[in-house]
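K.L.:
Provided herewith is a single structure, encoded as structure tokens, for subsequent inquiry.
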Number of protein chains: 2
Amino acid sequence: MARRPSALTREAIVDAATALFAERGYAATGVRDIAAAASTDPALVIRHFGSKELLFLDTMRFSLQEHPIFDAPLEALPHRLVEFVVDLEEPQRGVVVALVGARSEPAIAERLHEIHEQDFVAPLLDRLHGEGAELRARLAAVLVAGLIYGLWVVGDERLLAAGRDELVDRYTALLRPLLLST
Amino acid sequence: MARRPSALTREAIVDAATALFAERGYAATGVRDIAAAASTDPALVIRHFGSKELLFLDTMRFSLQEHPIFDAPLEALPHRLVEFVVDLEEPQRGVVVALVGARSEPAIAERLHEIHEQDFVAPLLDRLHGEGAELRARLAAVLVAGLIYGLWVVGDERLLAAGRDELVDRYTALLRPLLLST
DNA sequence: GTCTATAGCGAGATAGAC
DNA sequence: GTCTATCTCGCTATAGAC
């Protein structure tokens with residue numbers, strides 16, 4: 001294969017790292033694996049990103065900014081949130097799982113905490129007001145996180161046995177009172 | 001220190017491994033660390049348990065059989081379950097977190113799945129009947145697991161800011177309709 | 001910028017004396 | 001049963017030729 005210009009090599013490394021970290025996790029993915037998948041070599045990977053951990057933190061991002069979930073009226077929000085989780089696809093699904101799995105690295109634990117805070121708690125807190133709004137936002141975030149945990153971390157596949165729509169409806173019914181009442 | 005007879009050494013290894021795995025996780029705990037904490041040496045650890053992974057699986061057990069939670073009448077069950085999770089102490093708390101963190105080892109992922117199935121889903125399923133009982137049991141298990149995840153994996157300490165009792169009451173209110181209605 | 005070769009470390013696991 | 005010494009392997013990261 002022809003030599004790539006630098007920007008393309010860097011991009012290939014990012015793509016390979018994202019896919020491999022998401023698929024196998026932090027510990028099980030070596031710098032060698034990433035280099036091979038990007039058709040380059042381990043030295044370049046370190047040269048571009050400094051270390052495996054920095055590369056991990058650079059690629060394992062999770063942002064809800066791109067999804068217009070929180071634009072929905074409050075009435076529709078529970079359904080939208082649950083749908084988002086149930087329909088979550090790779091690599092986003094793997095990103096969360098990989099971050100959870102590498103939680104024993106302090107910097108990675110911090111990232112996981114940040115994501116929970118910034119992408120789940122904070123947007124919910126924006127939409128809730130009055131007495132106990134913060135607790136309700138945090139409870140709702142935990143509820144949503146629980147579904148992620150059940151589906152993608154523990155891997156309870158039978159949750160989907162009754163059908164995707166049924167699961168979405170039932171879980172929405174659990175979340176709704178938390179967001180719509182005081 | 002005097003030399004221990006075998007049974008005591010084995011017990012010391014189990015105690016040390018339980019504490020260290022629960023505190024630091026699988027990857028961050030070495031066989032050497034365990035041996036040192038048990039006042040013995042790495043060779044004995046392997047000799048007694050075969051490998052680090054087998055030792056992990058031997059020590060990281062989580063059983064709800066000892067807790068009489070599921071003896072409670074159905075009406076009281078939601079409150080009991082939530083209380084149990086919120087009041088979870090070491091090393092049980094660390095066991096769950098360590099299992100989640102080492103999920104990239106297939107045998108450990110399987111154990112995590114087993115625990116979810118046997119200690120949460122199955123006892124709930126025993127208590128529920130009628131149409132959709134299985135889905136309700138699985139939803140309830142996810143709800144409970146979500147609280148474990150939020151409190152002990154992600155580490156949202158502010159959930160407890162309003163007070164332990166308030167958290168228990170609010171989360172119980174979320175779980176109750178799932179277990180008590182059709 | 002790129003790649004070959006390897007340094008340096010730490011891990012889990014083992015051999016064999018006592 | 002116990003422990004010292006060591007083996008072997010895999011990893012990240014680096015040095016240096018091109």
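By convention in this document, the chains of the structure tokens carry letters A, B, ... by their order, each chain's residues are numbered from 1, and ligands are numbered from 1 in the order they are shown.
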Please list as a list in words every residue within 9 Å of Gly150 in chain B, counting only C-alpha atoms (C1' of nucleotides) and excluding residues in the same chain fewer than 5 positions away.
P.N.:
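Non-adjacent residues within range: His116, Arg138, Leu139, Ala141, Val142, Leu143, Ala145 and Gly146 of chain A; Ala145, Gly155, Asp156, Glu157 and Leu159 of chain B.
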K.L.:
Generate the output file for the selected residues, all heavy atoms, as a short mmCIF file (atom, residue, chain, number, x, y, z; two decimals), in the first residue's frame.
P.N.:
data_model
loop_
_atom_site.label_atom_id
_atom_site.label_comp_id
_atom_site.auth_asym_id
_atom_site.auth_seq_id
_atom_site.Cartn_x
_atom_site.Cartn_y
_atom_site.Cartn_z
N HIS A 116 -21.52 11.40 32.09
CA HIS A 116 -22.78 11.26 32.80
C HIS A 116 -23.31 12.64 33.20
O HIS A 116 -24.50 12.95 33.01
CB HIS A 116 -22.59 10.39 34.04
CG HIS A 116 -23.86 10.04 34.74
ND1 HIS A 116 -24.75 9.12 34.25
CD2 HIS A 116 -24.39 10.50 35.91
CE1 HIS A 116 -25.79 9.04 35.07
NE2 HIS A 116 -25.58 9.85 36.08
N ARG A 138 -31.20 13.84 38.43
CA ARG A 138 -30.22 12.78 38.68
C ARG A 138 -30.86 11.41 38.69
O ARG A 138 -30.28 10.42 38.23
CB ARG A 138 -29.47 13.04 39.99
CG ARG A 138 -28.58 14.26 39.90
CD ARG A 138 -27.67 14.49 41.08
NE ARG A 138 -26.91 15.71 40.86
CZ ARG A 138 -25.82 15.78 40.11
NH1 ARG A 138 -25.35 14.68 39.55
NH2 ARG A 138 -25.21 16.92 39.92
N LEU A 139 -32.06 11.33 39.22
CA LEU A 139 -32.77 10.05 39.20
C LEU A 139 -33.09 9.64 37.77
O LEU A 139 -32.94 8.47 37.39
CB LEU A 139 -34.07 10.16 40.01
CG LEU A 139 -33.91 10.25 41.53
CD1 LEU A 139 -35.24 10.58 42.19
CD2 LEU A 139 -33.34 8.95 42.10
N ALA A 141 -31.43 10.49 35.11
CA ALA A 141 -30.18 10.11 34.46
C ALA A 141 -29.80 8.68 34.83
O ALA A 141 -29.35 7.90 33.98
CB ALA A 141 -29.06 11.08 34.85
N VAL A 142 -29.99 8.33 36.08
CA VAL A 142 -29.69 6.97 36.53
C VAL A 142 -30.61 5.96 35.86
O VAL A 142 -30.19 4.87 35.46
CB VAL A 142 -29.81 6.86 38.06
CG1 VAL A 142 -29.90 5.42 38.49
CG2 VAL A 142 -28.62 7.54 38.73
N LEU A 143 -31.87 6.34 35.71
CA LEU A 143 -32.83 5.46 35.06
C LEU A 143 -32.38 5.16 33.63
O LEU A 143 -32.40 4.01 33.18
CB LEU A 143 -34.19 6.14 35.05
CG LEU A 143 -35.39 5.24 35.31
CD1 LEU A 143 -35.45 4.88 36.77
CD2 LEU A 143 -36.67 5.90 34.85
N ALA A 145 -29.35 5.55 32.41
CA ALA A 145 -28.08 4.82 32.46
C ALA A 145 -28.31 3.35 32.77
O ALA A 145 -27.61 2.47 32.25
CB ALA A 145 -27.16 5.44 33.50
N GLY A 146 -29.31 3.07 33.58
CA GLY A 146 -29.63 1.70 33.91
C GLY A 146 -30.01 0.89 32.69
O GLY A 146 -29.64 -0.29 32.56
N ALA B 145 -30.39 -2.24 38.88
CA ALA B 145 -29.01 -2.21 38.42
C ALA B 145 -28.58 -0.79 38.07
O ALA B 145 -27.42 -0.41 38.29
CB ALA B 145 -28.84 -3.12 37.20
N GLY B 155 -20.46 6.84 39.94
CA GLY B 155 -20.09 7.59 41.13
C GLY B 155 -20.74 8.95 41.24
O GLY B 155 -20.08 9.95 41.52
N ASP B 156 -22.05 9.00 41.02
CA ASP B 156 -22.77 10.27 41.21
C ASP B 156 -23.08 10.44 42.69
O ASP B 156 -24.11 10.00 43.19
CB ASP B 156 -24.07 10.26 40.40
CG ASP B 156 -24.79 11.59 40.51
OD1 ASP B 156 -24.39 12.43 41.34
OD2 ASP B 156 -25.76 11.80 39.76
N GLU B 157 -22.18 11.12 43.37
CA GLU B 157 -22.33 11.28 44.82
C GLU B 157 -23.48 12.21 45.18
O GLU B 157 -24.02 12.14 46.28
CB GLU B 157 -21.04 11.80 45.44
CG GLU B 157 -19.89 10.82 45.32
CD GLU B 157 -18.61 11.53 44.91
OE1 GLU B 157 -18.63 12.77 44.86
OE2 GLU B 157 -17.61 10.84 44.62
N LEU B 159 -26.35 12.20 44.21
CA LEU B 159 -27.63 11.51 44.38
C LEU B 159 -27.98 11.44 45.86
O LEU B 159 -29.16 11.43 46.23
CB LEU B 159 -27.53 10.08 43.83
CG LEU B 159 -27.88 9.86 42.38
CD1 LEU B 159 -27.52 8.45 41.97
CD2 LEU B 159 -29.35 10.13 42.13
#
K.L.:
What residues in chain B have any atom no more than 12 Å from chain C when counting only C-alpha atoms (C1' of nucleotides), and can you write them as a PyMOL selection string?
P.N.:
chain B and resi 27-33+42-47+49-53
K.L.:
So how far away is CA of Ala22 in chain A from CA of Ala37 in chain A, in Å?
P.N.:
13.8 Å
K.L.:
Per residue of chain B within 9 Å of chain A, record the nearest atom pair and its distance in Å to one decimal, counting only C-alpha atoms, with rows in chain order and ascending residue number, as JSON lines.
P.N.:
{"residue": "B:Arg24", "atom": "CA", "partner": "A:Ser104", "partner_atom": "CA", "distance": 6.8}
{"residue": "B:Gly25", "atom": "CA", "partner": "A:Ser104", "partner_atom": "CA", "distance": 6.4}
{"residue": "B:Tyr26", "atom": "CA", "partner": "A:Ser104", "partner_atom": "CA", "distance": 8.6}
{"residue": "B:Ala27", "atom": "CA", "partner": "A:Ser104", "partner_atom": "CA", "distance": 7.8}
{"residue": "B:Ala28", "atom": "CA", "partner": "A:Ser104", "partner_atom": "CA", "distance": 7.0}
{"residue": "B:Ala98", "atom": "CA", "partner": "A:Ser104", "partner_atom": "CA", "distance": 8.9}
{"residue": "B:Val100", "atom": "CA", "partner": "A:Gly101", "partner_atom": "CA", "distance": 6.5}
{"residue": "B:Gly101", "atom": "CA", "partner": "A:Gly101", "partner_atom": "CA", "distance": 4.2}
{"residue": "B:Ala102", "atom": "CA", "partner": "A:Gly101", "partner_atom": "CA", "distance": 6.2}
{"residue": "B:Arg103", "atom": "CA", "partner": "A:Gly101", "partner_atom": "CA", "distance": 6.5}
{"residue": "B:Ser104", "atom": "CA", "partner": "A:Gly25", "partner_atom": "CA", "distance": 6.4}
{"residue": "B:Glu105", "atom": "CA", "partner": "A:Ala28", "partner_atom": "CA", "distance": 8.6}
{"residue": "B:Ala109", "atom": "CA", "partner": "A:Val154", "partner_atom": "CA", "distance": 7.5}
{"residue": "B:Glu110", "atom": "CA", "partner": "A:Val154", "partner_atom": "CA", "distance": 8.8}
{"residue": "B:Leu112", "atom": "CA", "partner": "A:Val154", "partner_atom": "CA", "distance": 6.6}
{"residue": "B:His113", "atom": "CA", "partner": "A:Val154", "partner_atom": "CA", "distance": 5.6}
{"residue": "B:His116", "atom": "CA", "partner": "A:Val154", "partner_atom": "CA", "distance": 7.4}
{"residue": "B:Glu117", "atom": "CA", "partner": "A:Asp156", "partner_atom": "CA", "distance": 8.3}
{"residue": "B:Gly132", "atom": "CA", "partner": "A:Ala162", "partner_atom": "CA", "distance": 8.6}
{"residue": "B:Glu134", "atom": "CA", "partner": "A:Leu159", "partner_atom": "CA", "distance": 8.8}
{"residue": "B:Leu135", "atom": "CA", "partner": "A:Leu159", "partner_atom": "CA", "distance": 6.5}
{"residue": "B:Arg136", "atom": "CA", "partner": "A:Arg170", "partner_atom": "CA", "distance": 8.7}
{"residue": "B:Arg138", "atom": "CA", "partner": "A:Leu159", "partner_atom": "CA", "distance": 6.4}
{"residue": "B:Leu139", "atom": "CA", "partner": "A:Leu159", "partner_atom": "CA", "distance": 7.5}
{"residue": "B:Ala141", "atom": "CA", "partner": "A:Gly150", "partner_atom": "CA", "distance": 8.3}
{"residue": "B:Val142", "atom": "CA", "partner": "A:Gly150", "partner_atom": "CA", "distance": 5.5}
{"residue": "B:Leu143", "atom": "CA", "partner": "A:Gly146", "partner_atom": "CA", "distance": 5.9}
{"residue": "B:Val144", "atom": "CA", "partner": "A:Gly146", "partner_atom": "CA", "distance": 7.7}
{"residue": "B:Ala145", "atom": "CA", "partner": "A:Gly146", "partner_atom": "CA", "distance": 6.0}
{"residue": "B:Gly146", "atom": "CA", "partner": "A:Gly146", "partner_atom": "CA", "distance": 3.3}
{"residue": "B:Leu147", "atom": "CA", "partner": "A:Val142", "partner_atom": "CA", "distance": 6.1}
{"residue": "B:Ile148", "atom": "CA", "partner": "A:Gly146", "partner_atom": "CA", "distance": 8.5}
{"residue": "B:Tyr149", "atom": "CA", "partner": "A:Gly146", "partner_atom": "CA", "distance": 6.8}
{"residue": "B:Gly150", "atom": "CA", "partner": "A:Val142", "partner_atom": "CA", "distance": 5.4}
{"residue": "B:Leu151", "atom": "CA", "partner": "A:Val142", "partner_atom": "CA", "distance": 8.6}
{"residue": "B:Val153", "atom": "CA", "partner": "A:Val100", "partner_atom": "CA", "distance": 7.7}
{"residue": "B:Val154", "atom": "CA", "partner": "A:His113", "partner_atom": "CA", "distance": 5.5}
{"residue": "B:Gly155", "atom": "CA", "partner": "A:His113", "partner_atom": "CA", "distance": 6.9}
{"residue": "B:Asp156", "atom": "CA", "partner": "A:His113", "partner_atom": "CA", "distance": 7.5}
{"residue": "B:Arg158", "atom": "CA", "partner": "A:Arg138", "partner_atom": "CA", "distance": 8.1}
{"residue": "B:Leu159", "atom": "CA", "partner": "A:Arg138", "partner_atom": "CA", "distance": 6.4}
{"residue": "B:Leu160", "atom": "CA", "partner": "A:Leu135", "partner_atom": "CA", "distance": 8.8}
{"residue": "B:Ala161", "atom": "CA", "partner": "A:Leu135", "partner_atom": "CA", "distance": 8.3}
{"residue": "B:Ala162", "atom": "CA", "partner": "A:Leu135", "partner_atom": "CA", "distance": 7.3}
{"residue": "B:Leu167", "atom": "CA", "partner": "A:Leu135", "partner_atom": "CA", "distance": 8.2}
{"residue": "B:Arg170", "atom": "CA", "partner": "A:Leu139", "partner_atom": "CA", "distance": 8.3}
{"residue": "B:Tyr171", "atom": "CA", "partner": "A:Leu139", "partner_atom": "CA", "distance": 7.5}
{"residue": "B:Leu174", "atom": "CA", "partner": "A:Leu174", "partner_atom": "CA", "distance": 6.7}
{"residue": "B:Leu175", "atom": "CA", "partner": "A:Leu174", "partner_atom": "CA", "distance": 8.3}
{"residue": "B:Pro177", "atom": "CA", "partner": "A:Leu174", "partner_atom": "CA", "distance": 8.6}
{"residue": "B:Leu178", "atom": "CA", "partner": "A:Leu174", "partner_atom": "CA", "distance": 8.2}
K.L.:
With N, CA and C atoms retained, export the selected residues as a compact mmCIF listing (two decimals), in the first residue's frame.
P.N.:
# COMPACT_ATOMS: atom_id res chain seq x y z
N ARG B 24 -9.41 -2.24 43.85
CA ARG B 24 -8.68 -1.69 42.70
C ARG B 24 -9.12 -2.26 41.36
N GLY B 25 -9.85 -3.35 41.38
CA GLY B 25 -10.26 -3.96 40.12
C GLY B 25 -9.30 -5.05 39.67
N TYR B 26 -9.69 -5.71 38.61
CA TYR B 26 -8.96 -6.88 38.13
C TYR B 26 -7.59 -6.52 37.54
N ALA B 27 -7.58 -5.63 36.59
CA ALA B 27 -6.34 -5.32 35.88
C ALA B 27 -5.30 -4.67 36.80
N ALA B 28 -5.77 -3.85 37.71
CA ALA B 28 -4.84 -3.09 38.55
C ALA B 28 -4.31 -3.89 39.74
N ALA B 98 -15.94 -4.45 40.29
CA ALA B 98 -14.81 -5.18 39.70
C ALA B 98 -15.27 -6.08 38.56
N VAL B 100 -17.88 -5.64 36.65
CA VAL B 100 -18.21 -4.78 35.51
C VAL B 100 -16.95 -4.35 34.79
N GLY B 101 -15.93 -4.01 35.58
CA GLY B 101 -14.70 -3.49 34.98
C GLY B 101 -13.89 -4.53 34.23
N ALA B 102 -14.05 -5.79 34.61
CA ALA B 102 -13.26 -6.84 33.96
C ALA B 102 -14.08 -7.59 32.92
N ARG B 103 -15.13 -6.95 32.47
CA ARG B 103 -16.08 -7.56 31.57
C ARG B 103 -15.47 -7.95 30.22
N SER B 104 -14.28 -7.46 29.91
CA SER B 104 -13.70 -7.82 28.61
C SER B 104 -13.12 -9.24 28.62
N GLU B 105 -12.94 -9.82 29.81
CA GLU B 105 -12.63 -11.25 29.89
C GLU B 105 -13.94 -12.02 29.74
N ALA B 109 -17.39 -11.77 32.02
CA ALA B 109 -18.64 -11.24 31.50
C ALA B 109 -19.78 -12.22 31.74
N GLU B 110 -19.46 -13.49 31.58
CA GLU B 110 -20.48 -14.51 31.80
C GLU B 110 -20.93 -14.52 33.26
N LEU B 112 -20.91 -12.01 35.31
CA LEU B 112 -21.72 -10.81 35.53
C LEU B 112 -23.15 -11.03 35.06
N HIS B 113 -23.25 -11.65 33.91
CA HIS B 113 -24.56 -11.95 33.34
C HIS B 113 -25.33 -12.92 34.25
N HIS B 116 -26.68 -11.16 37.36
CA HIS B 116 -27.86 -10.37 37.04
C HIS B 116 -29.08 -11.28 36.92
N GLU B 117 -28.87 -12.37 36.24
CA GLU B 117 -29.96 -13.30 35.97
C GLU B 117 -30.43 -14.01 37.25
N GLY B 132 -47.01 -10.53 30.81
CA GLY B 132 -45.88 -9.59 30.84
C GLY B 132 -45.04 -9.66 32.10
N GLU B 134 -42.49 -11.52 32.81
CA GLU B 134 -41.06 -11.57 32.55
C GLU B 134 -40.50 -10.20 32.20
N LEU B 135 -41.20 -9.50 31.33
CA LEU B 135 -40.71 -8.16 30.97
C LEU B 135 -40.66 -7.26 32.19
N ARG B 136 -41.70 -7.36 33.03
CA ARG B 136 -41.71 -6.51 34.24
C ARG B 136 -40.56 -6.85 35.17
N ARG B 138 -37.67 -8.09 34.30
CA ARG B 138 -36.43 -7.62 33.70
C ARG B 138 -36.30 -6.10 33.76
N LEU B 139 -37.40 -5.42 33.60
CA LEU B 139 -37.37 -3.96 33.73
C LEU B 139 -37.01 -3.57 35.16
N ALA B 141 -35.29 -5.32 37.29
CA ALA B 141 -33.88 -5.64 37.51
C ALA B 141 -32.98 -4.54 36.94
N VAL B 142 -33.34 -4.06 35.77
CA VAL B 142 -32.55 -2.98 35.16
C VAL B 142 -32.63 -1.71 35.99
N LEU B 143 -33.82 -1.45 36.51
CA LEU B 143 -33.99 -0.26 37.34
C LEU B 143 -33.07 -0.32 38.55
N VAL B 144 -33.05 -1.47 39.20
CA VAL B 144 -32.20 -1.65 40.38
C VAL B 144 -30.72 -1.57 39.98
N ALA B 145 -30.39 -2.24 38.88
CA ALA B 145 -29.01 -2.21 38.42
C ALA B 145 -28.58 -0.79 38.07
N GLY B 146 -29.50 0.00 37.56
CA GLY B 146 -29.18 1.38 37.21
C GLY B 146 -28.76 2.18 38.43
N LEU B 147 -29.39 1.90 39.55
CA LEU B 147 -29.01 2.60 40.77
C LEU B 147 -27.61 2.18 41.24
N ILE B 148 -27.34 0.90 41.14
CA ILE B 148 -26.00 0.43 41.45
C ILE B 148 -24.98 1.12 40.54
N TYR B 149 -25.31 1.14 39.27
CA TYR B 149 -24.43 1.77 38.28
C TYR B 149 -24.20 3.26 38.60
N GLY B 150 -25.29 3.97 38.86
CA GLY B 150 -25.17 5.40 39.12
C GLY B 150 -24.39 5.70 40.38
N LEU B 151 -24.67 4.94 41.44
CA LEU B 151 -24.02 5.22 42.72
C LEU B 151 -22.58 4.73 42.76
N VAL B 153 -20.69 2.78 40.14
CA VAL B 153 -19.82 2.68 38.96
C VAL B 153 -19.48 4.07 38.42
N VAL B 154 -20.52 4.83 38.08
CA VAL B 154 -20.27 6.20 37.63
C VAL B 154 -19.86 7.08 38.80
N GLY B 155 -20.46 6.84 39.94
CA GLY B 155 -20.09 7.59 41.13
C GLY B 155 -20.74 8.95 41.24
N ASP B 156 -22.05 9.00 41.02
CA ASP B 156 -22.77 10.27 41.21
C ASP B 156 -23.08 10.44 42.69
N ARG B 158 -23.82 13.08 44.27
CA ARG B 158 -24.86 14.06 44.59
C ARG B 158 -26.25 13.44 44.68
N LEU B 159 -26.35 12.20 44.21
CA LEU B 159 -27.63 11.51 44.38
C LEU B 159 -27.98 11.44 45.86
N LEU B 160 -26.95 11.39 46.69
CA LEU B 160 -27.17 11.27 48.13
C LEU B 160 -27.25 12.63 48.83
N ALA B 161 -27.14 13.69 48.03
CA ALA B 161 -27.09 15.02 48.63
C ALA B 161 -28.36 15.36 49.40
N ALA B 162 -29.50 14.89 48.87
CA ALA B 162 -30.77 15.21 49.54
C ALA B 162 -31.01 14.30 50.75
N LEU B 167 -33.55 9.65 48.92
CA LEU B 167 -33.20 8.87 47.74
C LEU B 167 -33.93 7.53 47.72
N ARG B 170 -37.67 8.10 46.93
CA ARG B 170 -37.95 8.49 45.55
C ARG B 170 -37.74 7.34 44.58
N TYR B 171 -36.68 6.59 44.80
CA TYR B 171 -36.41 5.49 43.88
C TYR B 171 -37.40 4.35 44.09
N LEU B 174 -40.37 4.82 42.08
CA LEU B 174 -40.22 4.48 40.66
C LEU B 174 -40.39 2.98 40.43
N LEU B 175 -39.89 2.23 41.40
CA LEU B 175 -39.90 0.77 41.24
C LEU B 175 -41.26 0.16 41.56
N PRO B 177 -44.59 0.77 41.09
CA PRO B 177 -45.64 0.45 40.11
C PRO B 177 -45.30 -0.74 39.23
N LEU B 178 -44.02 -0.95 39.01
CA LEU B 178 -43.59 -2.06 38.16
C LEU B 178 -43.85 -3.40 38.83
K.L.:
Between CA of Asp119 in chain A and CA of Ala12 in chain A, measure the distance and give it in Å to one decimal.
P.N.:
27.2 Å
K.L.:
Taking the DSSP assignment computed from this structure's backbone, write out as a PyMOL selection string all residues of range 85-126 of chain B that belong to helix (DSSP H, G or I).
P.N.:
chain B and resi 85-86+92-101+106-126
K.L.:
Could you please tell me, as number ranges by chain, which residues of chain D have an atom within 12 Å of chain B when using only C-alpha atoms (C1' of nucleotides)?
P.N.:
D: 1-6
K.L.:
Quick check, in Å to one decimal: how far apart do CA of Pro78 in chain B and CA of Leu180 in chain B lie?
P.N.:
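Result for CA of Pro78 in chain B versus CA of Leu180 in chain B: 9.0 Å, one decimal.
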